[in-house]
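Raw model.cif, mmCIF, C-alpha atoms:
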data_protein
#
loop_
_atom_site.label_atom_id
_atom_site.label_comp_id
_atom_site.auth_asym_id
_atom_site.auth_seq_id
_atom_site.Cartn_x
_atom_site.Cartn_y
_atom_site.Cartn_z
CA MET A 1 147.75 155.71 156.15
CA LEU A 2 145.37 155.11 153.29
CA PRO A 3 146.30 156.67 149.95
CA ILE A 4 144.24 159.53 148.66
CA LEU A 5 142.69 158.65 145.29
CA SER A 6 141.00 160.73 142.67
CA VAL A 7 137.51 159.68 141.65
CA SER A 8 138.76 158.25 138.34
CA GLU A 9 141.54 156.35 140.13
CA PHE A 10 139.07 154.89 142.59
CA ILE A 11 136.72 153.74 139.82
CA GLU A 12 139.69 152.27 137.93
CA GLN A 13 140.66 150.25 141.00
CA ILE A 14 137.12 149.05 141.58
CA ASN A 15 136.81 147.98 137.94
CA GLY A 16 140.10 146.11 138.36
CA ILE A 17 138.84 144.32 141.45
CA VAL A 18 135.56 143.17 139.84
CA ALA A 19 137.16 142.41 136.46
CA GLY A 20 136.28 139.08 134.87
CA GLU A 21 133.36 137.37 133.17
CA PHE A 22 130.29 136.12 134.98
CA ILE A 23 127.12 134.24 134.06
CA ILE A 24 123.99 135.53 135.77
CA GLU A 25 120.43 134.21 135.58
CA GLY A 26 117.39 136.30 136.30
CA GLU A 27 114.18 137.89 135.04
CA VAL A 28 114.12 140.83 132.61
CA SER A 29 112.42 144.06 133.66
CA GLN A 30 112.45 147.71 132.56
CA TYR A 31 113.56 146.62 129.05
CA LYS A 32 114.12 149.44 126.56
CA VAL A 33 116.07 150.15 123.37
CA SER A 34 117.72 153.51 122.68
CA GLN A 35 118.44 154.82 119.17
CA GLY A 36 117.72 151.39 117.73
CA LYS A 37 121.04 149.95 118.92
CA TRP A 38 121.60 150.38 122.69
CA VAL A 39 119.73 148.09 125.06
CA PHE A 40 119.08 148.76 128.75
CA PHE A 41 117.27 146.45 131.16
CA ASP A 42 117.28 145.23 134.73
CA LEU A 43 117.96 141.64 135.69
CA LYS A 44 116.30 140.64 138.94
CA ASP A 45 115.38 137.84 141.26
CA GLN A 46 113.21 137.96 144.36
CA ASP A 47 115.92 139.64 146.47
CA ALA A 48 118.07 141.82 144.21
CA VAL A 49 118.38 143.68 140.92
CA ILE A 50 121.25 144.79 138.67
CA SER A 51 121.29 147.14 135.70
CA CYS A 52 122.41 145.64 132.39
CA PHE A 53 123.64 147.13 129.14
CA ALA A 54 123.94 145.46 125.72
CA THR A 55 123.79 146.17 122.02
CA VAL A 56 120.88 145.03 119.85
CA PHE A 57 123.28 143.01 117.71
CA GLY A 58 124.80 141.35 120.74
CA LEU A 59 121.49 140.09 122.08
CA GLY A 60 120.77 137.70 119.22
CA ALA A 61 117.10 137.51 120.24
CA PRO A 62 114.43 140.09 121.13
CA LEU A 63 113.69 140.40 124.84
CA SER A 64 110.74 141.66 126.82
CA ASP A 65 109.84 142.12 130.46
CA GLY A 66 109.15 138.93 132.35
CA MET A 67 111.44 136.69 130.31
CA LYS A 68 113.88 134.51 132.18
CA ILE A 69 117.38 134.68 130.73
CA ARG A 70 121.00 133.78 131.39
CA VAL A 71 123.60 136.43 130.50
CA LEU A 72 127.34 136.29 130.01
CA GLY A 73 129.27 139.50 130.59
CA TYR A 74 131.30 141.58 132.99
CA PRO A 75 130.60 144.26 135.63
CA LYS A 76 131.68 147.85 135.09
CA ILE A 77 131.41 151.27 136.74
CA TYR A 78 131.19 154.02 134.13
CA GLU A 79 133.53 156.92 134.83
CA LYS A 80 131.28 159.64 133.44
CA SER A 81 128.13 158.70 135.33
CA GLY A 82 129.44 156.64 138.23
CA ARG A 83 126.75 154.12 137.40
CA PHE A 84 127.33 150.44 137.95
CA SER A 85 126.17 148.18 135.11
CA PHE A 86 126.61 144.64 133.88
CA VAL A 87 127.82 144.66 130.26
CA VAL A 88 126.09 141.80 128.47
CA GLN A 89 128.03 139.96 125.76
CA LYS A 90 125.72 137.00 125.23
CA VAL A 91 122.14 136.10 126.13
CA GLU A 92 120.62 132.65 126.55
CA LEU A 93 116.88 132.21 126.99
CA VAL A 94 115.82 129.98 129.86
CA GLY A 95 112.62 127.94 129.93
CA GLU A 96 109.90 127.21 127.38
CA GLY A 97 107.99 130.37 128.30
CA SER A 98 110.86 132.71 127.47
CA LEU A 99 111.72 130.79 124.31
CA LYS A 100 108.13 130.90 123.10
CA LYS A 101 107.83 134.60 123.81
CA ALA A 102 111.10 135.36 122.02
CA TYR A 103 109.96 133.20 119.09
CA LEU A 104 106.72 135.16 118.72
CA LEU A 105 108.45 138.53 119.05
CA LEU A 106 111.03 137.67 116.38
CA LYS A 107 108.39 136.10 114.12
CA GLU A 108 106.36 139.31 114.20
CA LYS A 109 109.41 141.45 113.53
CA LEU A 110 110.63 139.38 110.56
CA THR A 111 107.12 139.00 109.15
CA ASN A 112 106.79 142.78 109.07
CA GLU A 113 110.13 142.96 107.24
CA GLY A 114 108.87 140.54 104.57
CA LEU A 115 111.30 137.70 105.26
CA PHE A 116 108.51 135.10 105.12
CA SER A 117 106.71 136.52 102.07
CA LEU A 118 105.39 133.87 99.68
CA GLU A 119 106.14 136.10 96.69
CA ARG A 120 109.89 135.67 97.16
CA LYS A 121 109.86 131.86 97.30
CA ARG A 122 111.91 130.30 94.49
CA ALA A 123 111.35 127.11 92.54
CA LEU A 124 113.70 124.18 93.12
CA PRO A 125 115.71 122.54 90.32
CA GLU A 126 113.72 119.56 89.03
CA TYR A 127 116.70 117.24 88.59
CA PRO A 128 119.60 118.62 90.66
CA LYS A 129 123.07 117.25 89.97
CA LYS A 130 124.68 118.64 93.11
CA ILE A 131 123.02 119.07 96.51
CA GLY A 132 124.42 120.89 99.53
CA VAL A 133 123.33 119.53 102.91
CA ILE A 134 123.75 121.32 106.24
CA ALA A 135 123.45 118.81 109.08
CA SER A 136 125.24 117.03 111.88
CA ARG A 137 127.07 114.11 110.25
CA ASP A 138 126.45 111.95 113.33
CA SER A 139 122.69 112.56 113.47
CA ALA A 140 119.88 110.15 112.62
CA ALA A 141 118.41 112.96 110.48
CA TRP A 142 121.41 112.87 108.14
CA GLY A 143 121.35 109.06 108.00
CA ASP A 144 117.65 109.00 107.09
CA PHE A 145 118.10 111.73 104.48
CA TRP A 146 121.05 109.97 102.82
CA ARG A 147 119.32 106.57 102.74
CA ILE A 148 116.09 107.87 101.21
CA LEU A 149 117.93 110.12 98.74
CA ASN A 150 119.90 107.18 97.35
CA ASN A 151 116.86 104.90 97.28
CA ARG A 152 114.94 107.46 95.26
CA TRP A 153 117.61 108.80 92.91
CA GLY A 154 121.21 107.61 93.30
CA GLY A 155 124.28 109.04 91.63
CA ILE A 156 123.78 112.64 92.73
CA GLU A 157 126.77 114.46 94.18
CA VAL A 158 126.05 115.50 97.76
CA VAL A 159 128.25 117.95 99.69
CA LEU A 160 127.71 117.66 103.45
CA TYR A 161 128.66 120.62 105.62
CA HIS A 162 128.89 119.32 109.17
CA ALA A 163 127.35 121.76 111.65
CA ALA A 164 126.31 121.63 115.25
CA VAL A 165 122.50 121.84 115.29
CA GLN A 166 122.10 122.36 119.03
CA GLY A 167 124.08 124.07 121.75
CA ALA A 168 126.48 126.99 121.97
CA GLU A 169 128.19 126.36 118.61
CA ALA A 170 125.05 125.81 116.55
CA VAL A 171 124.28 129.37 115.45
CA GLY A 172 127.84 130.09 114.35
CA ASP A 173 128.12 126.77 112.51
CA LEU A 174 124.83 127.23 110.66
CA VAL A 175 125.63 130.77 109.56
CA ALA A 176 129.11 129.64 108.43
CA ALA A 177 127.54 126.81 106.41
CA PHE A 178 125.34 129.19 104.43
CA ASP A 179 128.30 131.52 103.91
CA PHE A 180 130.37 128.60 102.58
CA PHE A 181 127.83 127.45 100.00
CA ASN A 182 126.92 130.96 98.86
CA ASN A 183 130.57 131.93 98.46
CA ASN A 184 131.18 128.72 96.48
CA LYS A 185 128.10 128.53 94.26
CA ASP A 186 129.55 125.64 92.24
CA GLU A 187 129.22 123.49 95.35
CA ALA A 188 125.43 123.14 95.12
CA GLU A 189 122.31 123.90 93.07
CA VAL A 190 120.04 123.56 96.09
CA LEU A 191 120.64 123.59 99.86
CA VAL A 192 118.95 121.33 102.39
CA VAL A 193 119.20 122.09 106.11
CA ILE A 194 118.03 119.21 108.32
CA ARG A 195 117.66 118.32 111.97
CA GLY A 196 115.54 115.86 113.93
CA GLY A 197 112.73 116.90 116.23
CA GLY A 198 113.04 118.28 119.74
CA SER A 199 111.81 120.83 122.21
CA LEU A 200 111.73 124.55 121.55
CA GLU A 201 115.02 124.78 123.43
CA ASP A 202 116.55 122.03 121.25
CA LEU A 203 115.53 123.92 118.11
CA ALA A 204 116.62 127.32 119.44
CA ALA A 205 119.37 127.79 116.81
CA PHE A 206 116.76 127.53 114.03
CA ASN A 207 114.83 130.39 115.63
CA ASP A 208 117.89 132.62 115.93
CA GLU A 209 117.70 135.82 113.89
CA ARG A 210 121.19 135.39 112.45
CA VAL A 211 120.39 131.94 111.09
CA VAL A 212 117.00 133.03 109.73
CA ARG A 213 118.60 135.94 107.88
CA ALA A 214 121.26 133.59 106.48
CA VAL A 215 118.49 131.41 105.03
CA TYR A 216 116.64 134.44 103.67
CA GLY A 217 119.79 135.89 102.13
CA SER A 218 120.91 132.65 100.45
CA ARG A 219 121.39 133.00 96.70
CA ILE A 220 120.83 129.23 96.43
CA PRO A 221 117.28 127.88 96.96
CA VAL A 222 116.80 126.35 100.41
CA ILE A 223 114.75 123.40 101.68
CA SER A 224 114.22 123.27 105.43
CA GLY A 225 113.69 119.86 106.99
CA VAL A 226 113.90 120.77 110.66
CA GLY A 227 112.09 118.81 113.35
CA HIS A 228 108.87 116.85 113.01
CA GLU A 229 105.72 117.87 111.17
CA ARG A 230 104.26 119.54 114.27
CA ASP A 231 107.41 121.63 114.79
CA GLU A 232 107.61 125.04 113.12
CA SER A 233 110.84 127.02 113.19
CA LEU A 234 111.50 130.45 111.76
CA VAL A 235 114.00 128.83 109.39
CA ASP A 236 111.05 126.83 107.99
CA LEU A 237 109.22 130.07 107.27
CA ALA A 238 112.23 131.74 105.63
CA ALA A 239 113.16 128.77 103.43
CA ASP A 240 111.91 128.47 99.85
CA VAL A 241 110.35 125.08 100.62
CA ARG A 242 109.47 123.56 103.97
CA ALA A 243 109.70 119.78 104.46
CA SER A 244 107.84 118.16 107.33
CA THR A 245 110.83 115.97 108.28
CA PRO A 246 114.41 115.32 107.10
CA SER A 247 113.10 112.24 105.26
CA ASN A 248 110.47 114.35 103.53
CA ALA A 249 113.23 116.78 102.49
CA ALA A 250 114.91 113.91 100.60
CA GLU A 251 111.59 113.11 98.93
CA ILE A 252 111.19 116.74 97.84
CA VAL A 253 114.70 117.44 96.57
CA VAL A 254 114.82 114.52 94.08
CA PRO A 255 112.16 112.57 92.16
CA ASP A 256 111.54 108.85 92.65
CA ARG A 257 113.37 106.83 89.99
CA GLY A 258 110.55 104.29 89.63
CA GLU A 259 107.91 106.98 89.26
CA PHE A 260 110.18 108.84 86.83
CA LEU A 261 110.58 105.75 84.62
CA VAL A 262 106.82 105.16 84.62
CA SER A 263 106.19 108.80 83.69
CA LEU A 264 108.89 108.53 81.00
CA ASP A 265 107.18 105.46 79.49
CA LEU A 266 103.85 107.27 79.51
CA ALA A 267 105.45 110.32 77.90
CA LEU A 268 107.01 108.16 75.17
CA GLU A 269 103.71 106.39 74.57
CA HIS A 270 101.94 109.74 74.38
CA SER A 271 104.57 111.03 71.96
CA GLN A 272 104.18 107.94 69.75
CA GLU A 273 100.40 108.33 69.70
CA LYS A 274 100.75 112.02 68.93
CA LEU A 275 103.24 111.32 66.12
CA PHE A 276 101.00 108.57 64.65
CA HIS A 277 98.04 110.95 64.79
CA GLN A 278 100.04 113.70 63.06
CA VAL A 279 101.27 111.29 60.32
CA THR A 280 97.72 110.04 59.78
CA GLN A 281 96.48 113.60 59.48
CA LYS A 282 99.22 114.53 57.02
CA LYS A 283 98.51 111.41 54.94
CA ARG A 284 94.82 112.28 54.84
CA LEU A 285 95.66 115.84 53.75
CA VAL A 286 97.92 114.53 50.98
CA GLU A 287 95.20 112.15 49.75
CA GLN A 288 92.64 114.96 49.81
CA SER A 289 95.00 117.25 47.94
CA ALA A 290 95.70 114.56 45.33
CA PHE A 291 91.98 113.98 44.90
CA ILE A 292 91.35 117.70 44.47
CA ILE A 293 94.19 118.00 41.96
CA ALA A 294 92.95 114.96 40.03
CA ASN A 295 89.40 116.32 39.89
CA THR A 296 90.66 119.74 38.89
CA LEU A 297 92.82 118.42 36.03
CA GLU A 298 90.48 115.68 34.80
CA ARG A 299 88.18 117.99 32.77
CA PRO A 300 90.98 119.80 30.87
CA LEU A 301 92.66 116.45 30.18
CA LEU A 302 89.45 114.95 28.76
CA LEU A 303 88.86 118.08 26.67
CA GLY A 304 92.42 117.94 25.37
CA ARG A 305 92.06 114.27 24.52
CA ASN A 306 88.83 114.95 22.59
CA ILE A 307 90.46 117.78 20.68
CA LEU A 308 93.43 115.55 19.85
CA GLU A 309 91.13 112.75 18.65
CA LYS A 310 89.18 115.22 16.49
CA PHE A 311 92.42 116.57 15.10
CA GLU A 312 93.62 113.07 14.24
CA ARG A 313 90.30 112.27 12.52
CA SER A 314 90.41 115.54 10.58
CA LEU A 315 93.99 114.82 9.59
CA GLY A 316 93.01 111.36 8.34
CA PHE A 317 90.12 112.77 6.41
CA LEU A 318 92.37 115.40 4.86
CA GLU A 319 94.93 112.80 3.87
CA GLN A 320 92.23 110.68 2.17
CA HIS A 321 90.86 113.72 0.40
CA LEU A 322 94.26 114.76 -0.89
CA ALA A 323 94.98 111.24 -2.06
CA GLY A 324 92.00 111.49 -4.48
CA TYR A 325 93.75 114.26 -6.38
CA LYS A 326 96.82 112.22 -7.17
#

For this file, produce the structure as structure tokens.
Amino acid sequence: MLPILSVSEFIEQINGIVAGEFIIEGEVSQYKVSQGKWVFFDLKDQDAVISCFATVFGLGAPLSDGMKIRVLGYPKIYEKSGRFSFVVQKVELVGEGSLKKAYLLLKEKLTNEGLFSLERKRALPEYPKKIGVIASRDSAAWGDFWRILNNRWGGIEVVLYHAAVQGAEAVGDLVAAFDFFNNNKDEAEVLVVIRGGGSLEDLAAFNDERVVRAVYGSRIPVISGVGHERDESLVDLAADVRASTPSNAAEIVVPDRGEFLVSLDLALEHSQEKLFHQVTQKKRLVEQSAFIIANTLERPLLLGRNILEKFERSLGFLEQHLAGYK
């Protein structure tokens, strides 16, 4: 004989049977957000549909109807409503179309918030002594950056924070890198985040809202050298300075030693010319002043000399006159 269960006991058993994590791929429909934090949408294919629930924070990227996604989560029947739903813990966008649409949605949102405002961009240190680099230590991008940096201006201390720049670990690694440098400000005067080029899917971590906000919130100025010149990530827009490539980031962060020495020679030559000009001017002023003083004093001196000569003649005359009375 089958046991008699209460409704709550039955739902508990069903939830126990279907317990476990699943990955499901499908198309988003009926997407809506409640109270700014709860997300409800359907995930469908051509034959079936399931209801999904998530939090705004848990999504990591804005969604809209028609986007193809892959979700990680678990099924659940809610006791209060009896409704079956798939609780989404993680979302991965699938296909260039979905990635592009999510990129544009997030770009619009963050633009409206002022994260890409030109007014907040900060100047870079002209001659940094310590540079923080966020990159994959095994990447060609890091190798190119390091080679060009040392060719242009060697002797600078560089702190490399190794981070995955693609795949499931990338977002967490990149956010952790910015946290590390900003919590240890003595580690760097400027931060450079670099990655080679790739597809929109390859660069997905640099279009993730959490990474973009980490760049925006950095207390240390940031240079973004992500992808090739034609690539544009949201990290590029949030950074203080955008470099077209990782190599270009090295060219921006330090001056060229040869060009610096040439400019130093020119500056010294200019200073010498300026000093010579100032000395010449001062000498001319002294000569003019001496001439003025001489001209000013010449008349009184001549008058005094004439008076003295007259006095001496009068004195001689007086002496001769007095001698006649002896």

key: Two-atom distance - atom CA of A:Asp42, atom CA of A:Val94 (Å)   =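 The value is 16.1 Å.
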
task = Would you mind telling me which residue in A:Gly198, A:Pro246, A:Gly66, A:Gly95 lies nearest to A:Ile223 when using only C-alpha atoms?
result =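 Using only C-alpha atoms, A:Ile223 sits closest to A:Pro246.
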
query = Which one is closest to A:Glu108: A:Leu237, A:Ala250, A:Ser8, A:Arg83? Count only C-alpha atoms.
reply =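 Nearest candidate to A:Glu108 out of A:Leu237, A:Ala250, A:Ser8, A:Arg83: A:Leu237.
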
note = Residue with the minimum atom-to-atom distance to A:Ser218, picked from A:Val158, A:Leu200, A:Leu302, A:Leu115 with only C-alpha atoms counted, is A:Leu115

query = For the file shown, what are the residues hit by the PyMOL selection byres ((chain A and resi 251-255) around 8), laid out as a list in words?
reply =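 When the PyMOL selection byres ((chain A and resi 251-255) around 8) is applied to the shown file, the picked residues are Leu124, Glu126, Tyr127, Pro128, Ile148, Leu149, Arg152, Trp153, Ile223, Ala243, Ser247, Asn248, Ala249, Ala250, Asp256, Arg257, Glu259 and Phe260 of chain A.
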
Store the residues picked out above, limited to C-alpha atoms, as a PDB file, in the frame of the given file.
ATOM      1  CA  LEU A 124     113.700 124.180  93.120  1.00  0.00           C
ATOM      2  CA  GLU A 126     113.720 119.560  89.030  1.00  0.00           C
ATOM      3  CA  TYR A 127     116.700 117.240  88.590  1.00  0.00           C
ATOM      4  CA  PRO A 128     119.600 118.620  90.660  1.00  0.00           C
ATOM      5  CA  ILE A 148     116.090 107.870 101.210  1.00  0.00           C
ATOM      6  CA  LEU A 149     117.930 110.120  98.740  1.00  0.00           C
ATOM      7  CA  ARG A 152     114.940 107.460  95.260  1.00  0.00           C
ATOM      8  CA  TRP A 153     117.610 108.800  92.910  1.00  0.00           C
ATOM      9  CA  ILE A 223     114.750 123.400 101.680  1.00  0.00           C
ATOM     10  CA  ALA A 243     109.700 119.780 104.460  1.00  0.00           C
ATOM     11  CA  SER A 247     113.100 112.240 105.260  1.00  0.00           C
ATOM     12  CA  ASN A 248     110.470 114.350 103.530  1.00  0.00           C
ATOM     13  CA  ALA A 249     113.230 116.780 102.490  1.00  0.00           C
ATOM     14  CA  ALA A 250     114.910 113.910 100.600  1.00  0.00           C
ATOM     15  CA  ASP A 256     111.540 108.850  92.650  1.00  0.00           C
ATOM     16  CA  ARG A 257     113.370 106.830  89.990  1.00  0.00           C
ATOM     17  CA  GLU A 259     107.910 106.980  89.260  1.00  0.00           C
ATOM     18  CA  PHE A 260     110.180 108.840  86.830  1.00  0.00           C
TER      19      PHE A 260
END

key: Protein/DNA/RNA residues near (104.5, 133.5, 126.4), cut 12 Å, all atoms listed in the file, as a PyMOL selection string   = chain A and resi 63-68+95-105

message = With 9 Å as the threshold, what does the neighbourhood of (116.6, 139.5, 105.6) contain in terms of residues, counting only C-alpha atoms? Coordinates are those of the file; answer as a list of chain:residue names.
response = A:Leu110, A:Glu113, A:Gly114, A:Leu115, A:Val212, A:Arg213, A:Ala214, A:Val215, A:Tyr216, A:Gly217, A:Ala238

Selected residues, C-alpha atoms, written as a PDB file, keeping the file's coordinate frame, please.
ATOM      1  CA  LEU A 110     110.630 139.380 110.560  1.00  0.00           C
ATOM      2  CA  GLU A 113     110.130 142.960 107.240  1.00  0.00           C
ATOM      3  CA  GLY A 114     108.870 140.540 104.570  1.00  0.00           C
ATOM      4  CA  LEU A 115     111.300 137.700 105.260  1.00  0.00           C
ATOM      5  CA  VAL A 212     117.000 133.030 109.730  1.00  0.00           C
ATOM      6  CA  ARG A 213     118.600 135.940 107.880  1.00  0.00           C
ATOM      7  CA  ALA A 214     121.260 133.590 106.480  1.00  0.00           C
ATOM      8  CA  VAL A 215     118.490 131.410 105.030  1.00  0.00           C
ATOM      9  CA  TYR A 216     116.640 134.440 103.670  1.00  0.00           C
ATOM     10  CA  GLY A 217     119.790 135.890 102.130  1.00  0.00           C
ATOM     11  CA  ALA A 238     112.230 131.740 105.630  1.00  0.00           C
TER      12      ALA A 238
END

query = Which residues, written as a list in words, have at least one atom at most 7 Å from A:Ile24, with only C-alpha atoms counted and residues fewer than 6 positions away on the same chain left out?
reply =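 In the requested form, the answer reads Arg70, Val71 and Leu72 of chain A.
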
Would you mind completing stretch 39-55 of chain A to N, CA, C and O atoms and writing the output as an mmCIF file, in the frame of the given file?
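Okay, this is what ended up in rebuild.cif:
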data_model
loop_
_atom_site.group_PDB
_atom_site.id
_atom_site.type_symbol
_atom_site.label_atom_id
_atom_site.label_comp_id
_atom_site.auth_asym_id
_atom_site.auth_seq_id
_atom_site.Cartn_x
_atom_site.Cartn_y
_atom_site.Cartn_z
ATOM 1 N N VAL A 39 120.758 148.788 124.292
ATOM 2 C CA VAL A 39 119.730 148.090 125.060
ATOM 3 C C VAL A 39 120.021 148.255 126.558
ATOM 4 O O VAL A 39 121.156 148.034 127.011
ATOM 5 N N PHE A 40 118.977 148.630 127.299
ATOM 6 C CA PHE A 40 119.080 148.760 128.750
ATOM 7 C C PHE A 40 117.963 147.949 129.399
ATOM 8 O O PHE A 40 116.813 148.000 128.950
ATOM 9 N N PHE A 41 118.297 147.180 130.419
ATOM 10 C CA PHE A 41 117.270 146.450 131.160
ATOM 11 C C PHE A 41 117.817 146.071 132.533
ATOM 12 O O PHE A 41 119.043 146.113 132.781
ATOM 13 N N ASP A 42 116.905 145.743 133.421
ATOM 14 C CA ASP A 42 117.280 145.230 134.730
ATOM 15 C C ASP A 42 117.148 143.724 134.740
ATOM 16 O O ASP A 42 116.266 143.155 134.081
ATOM 17 N N LEU A 43 118.033 143.088 135.482
ATOM 18 C CA LEU A 43 117.960 141.640 135.690
ATOM 19 C C LEU A 43 117.744 141.431 137.188
ATOM 20 O O LEU A 43 118.519 141.918 138.012
ATOM 21 N N LYS A 44 116.664 140.716 137.525
ATOM 22 C CA LYS A 44 116.300 140.640 138.940
ATOM 23 C C LYS A 44 115.916 139.226 139.343
ATOM 24 O O LYS A 44 115.572 138.378 138.522
ATOM 25 N N ASP A 45 116.012 139.000 140.644
ATOM 26 C CA ASP A 45 115.380 137.840 141.260
ATOM 27 C C ASP A 45 114.543 138.365 142.420
ATOM 28 O O ASP A 45 114.290 139.578 142.511
ATOM 29 N N GLN A 46 114.125 137.502 143.305
ATOM 30 C CA GLN A 46 113.210 137.960 144.360
ATOM 31 C C GLN A 46 113.880 138.859 145.394
ATOM 32 O O GLN A 46 113.202 139.572 146.149
ATOM 33 N N ASP A 47 115.233 138.884 145.420
ATOM 34 C CA ASP A 47 115.920 139.640 146.470
ATOM 35 C C ASP A 47 116.786 140.794 145.966
ATOM 36 O O ASP A 47 117.178 141.651 146.761
ATOM 37 N N ALA A 48 117.121 140.806 144.678
ATOM 38 C CA ALA A 48 118.070 141.820 144.210
ATOM 39 C C ALA A 48 117.825 142.143 142.744
ATOM 40 O O ALA A 48 117.101 141.444 142.035
ATOM 41 N N VAL A 49 118.503 143.246 142.308
ATOM 42 C CA VAL A 49 118.380 143.680 140.920
ATOM 43 C C VAL A 49 119.689 144.318 140.490
ATOM 44 O O VAL A 49 120.362 144.984 141.298
ATOM 45 N N ILE A 50 120.084 144.108 139.231
ATOM 46 C CA ILE A 50 121.250 144.790 138.670
ATOM 47 C C ILE A 50 120.859 145.389 137.333
ATOM 48 O O ILE A 50 119.997 144.865 136.628
ATOM 49 N N SER A 51 121.511 146.504 136.993
ATOM 50 C CA SER A 51 121.290 147.140 135.700
ATOM 51 C C SER A 51 122.196 146.497 134.662
ATOM 52 O O SER A 51 123.366 146.218 134.937
ATOM 53 N N CYS A 52 121.651 146.284 133.466
ATOM 54 C CA CYS A 52 122.410 145.640 132.390
ATOM 55 C C CYS A 52 122.422 146.531 131.152
ATOM 56 O O CYS A 52 121.479 147.281 130.896
ATOM 57 N N PHE A 53 123.502 146.400 130.401
ATOM 58 C CA PHE A 53 123.640 147.130 129.140
ATOM 59 C C PHE A 53 124.084 146.147 128.065
ATOM 60 O O PHE A 53 124.894 145.243 128.305
ATOM 61 N N ALA A 54 123.546 146.307 126.851
ATOM 62 C CA ALA A 54 123.940 145.460 125.720
ATOM 63 C C ALA A 54 123.679 146.212 124.440
ATOM 64 O O ALA A 54 123.075 147.297 124.444
ATOM 65 N N THR A 55 124.131 145.642 123.337
ATOM 66 C CA THR A 55 123.790 146.170 122.020
ATOM 67 C C THR A 55 122.721 145.262 121.408
ATOM 68 O O THR A 55 122.619 144.084 121.748
#
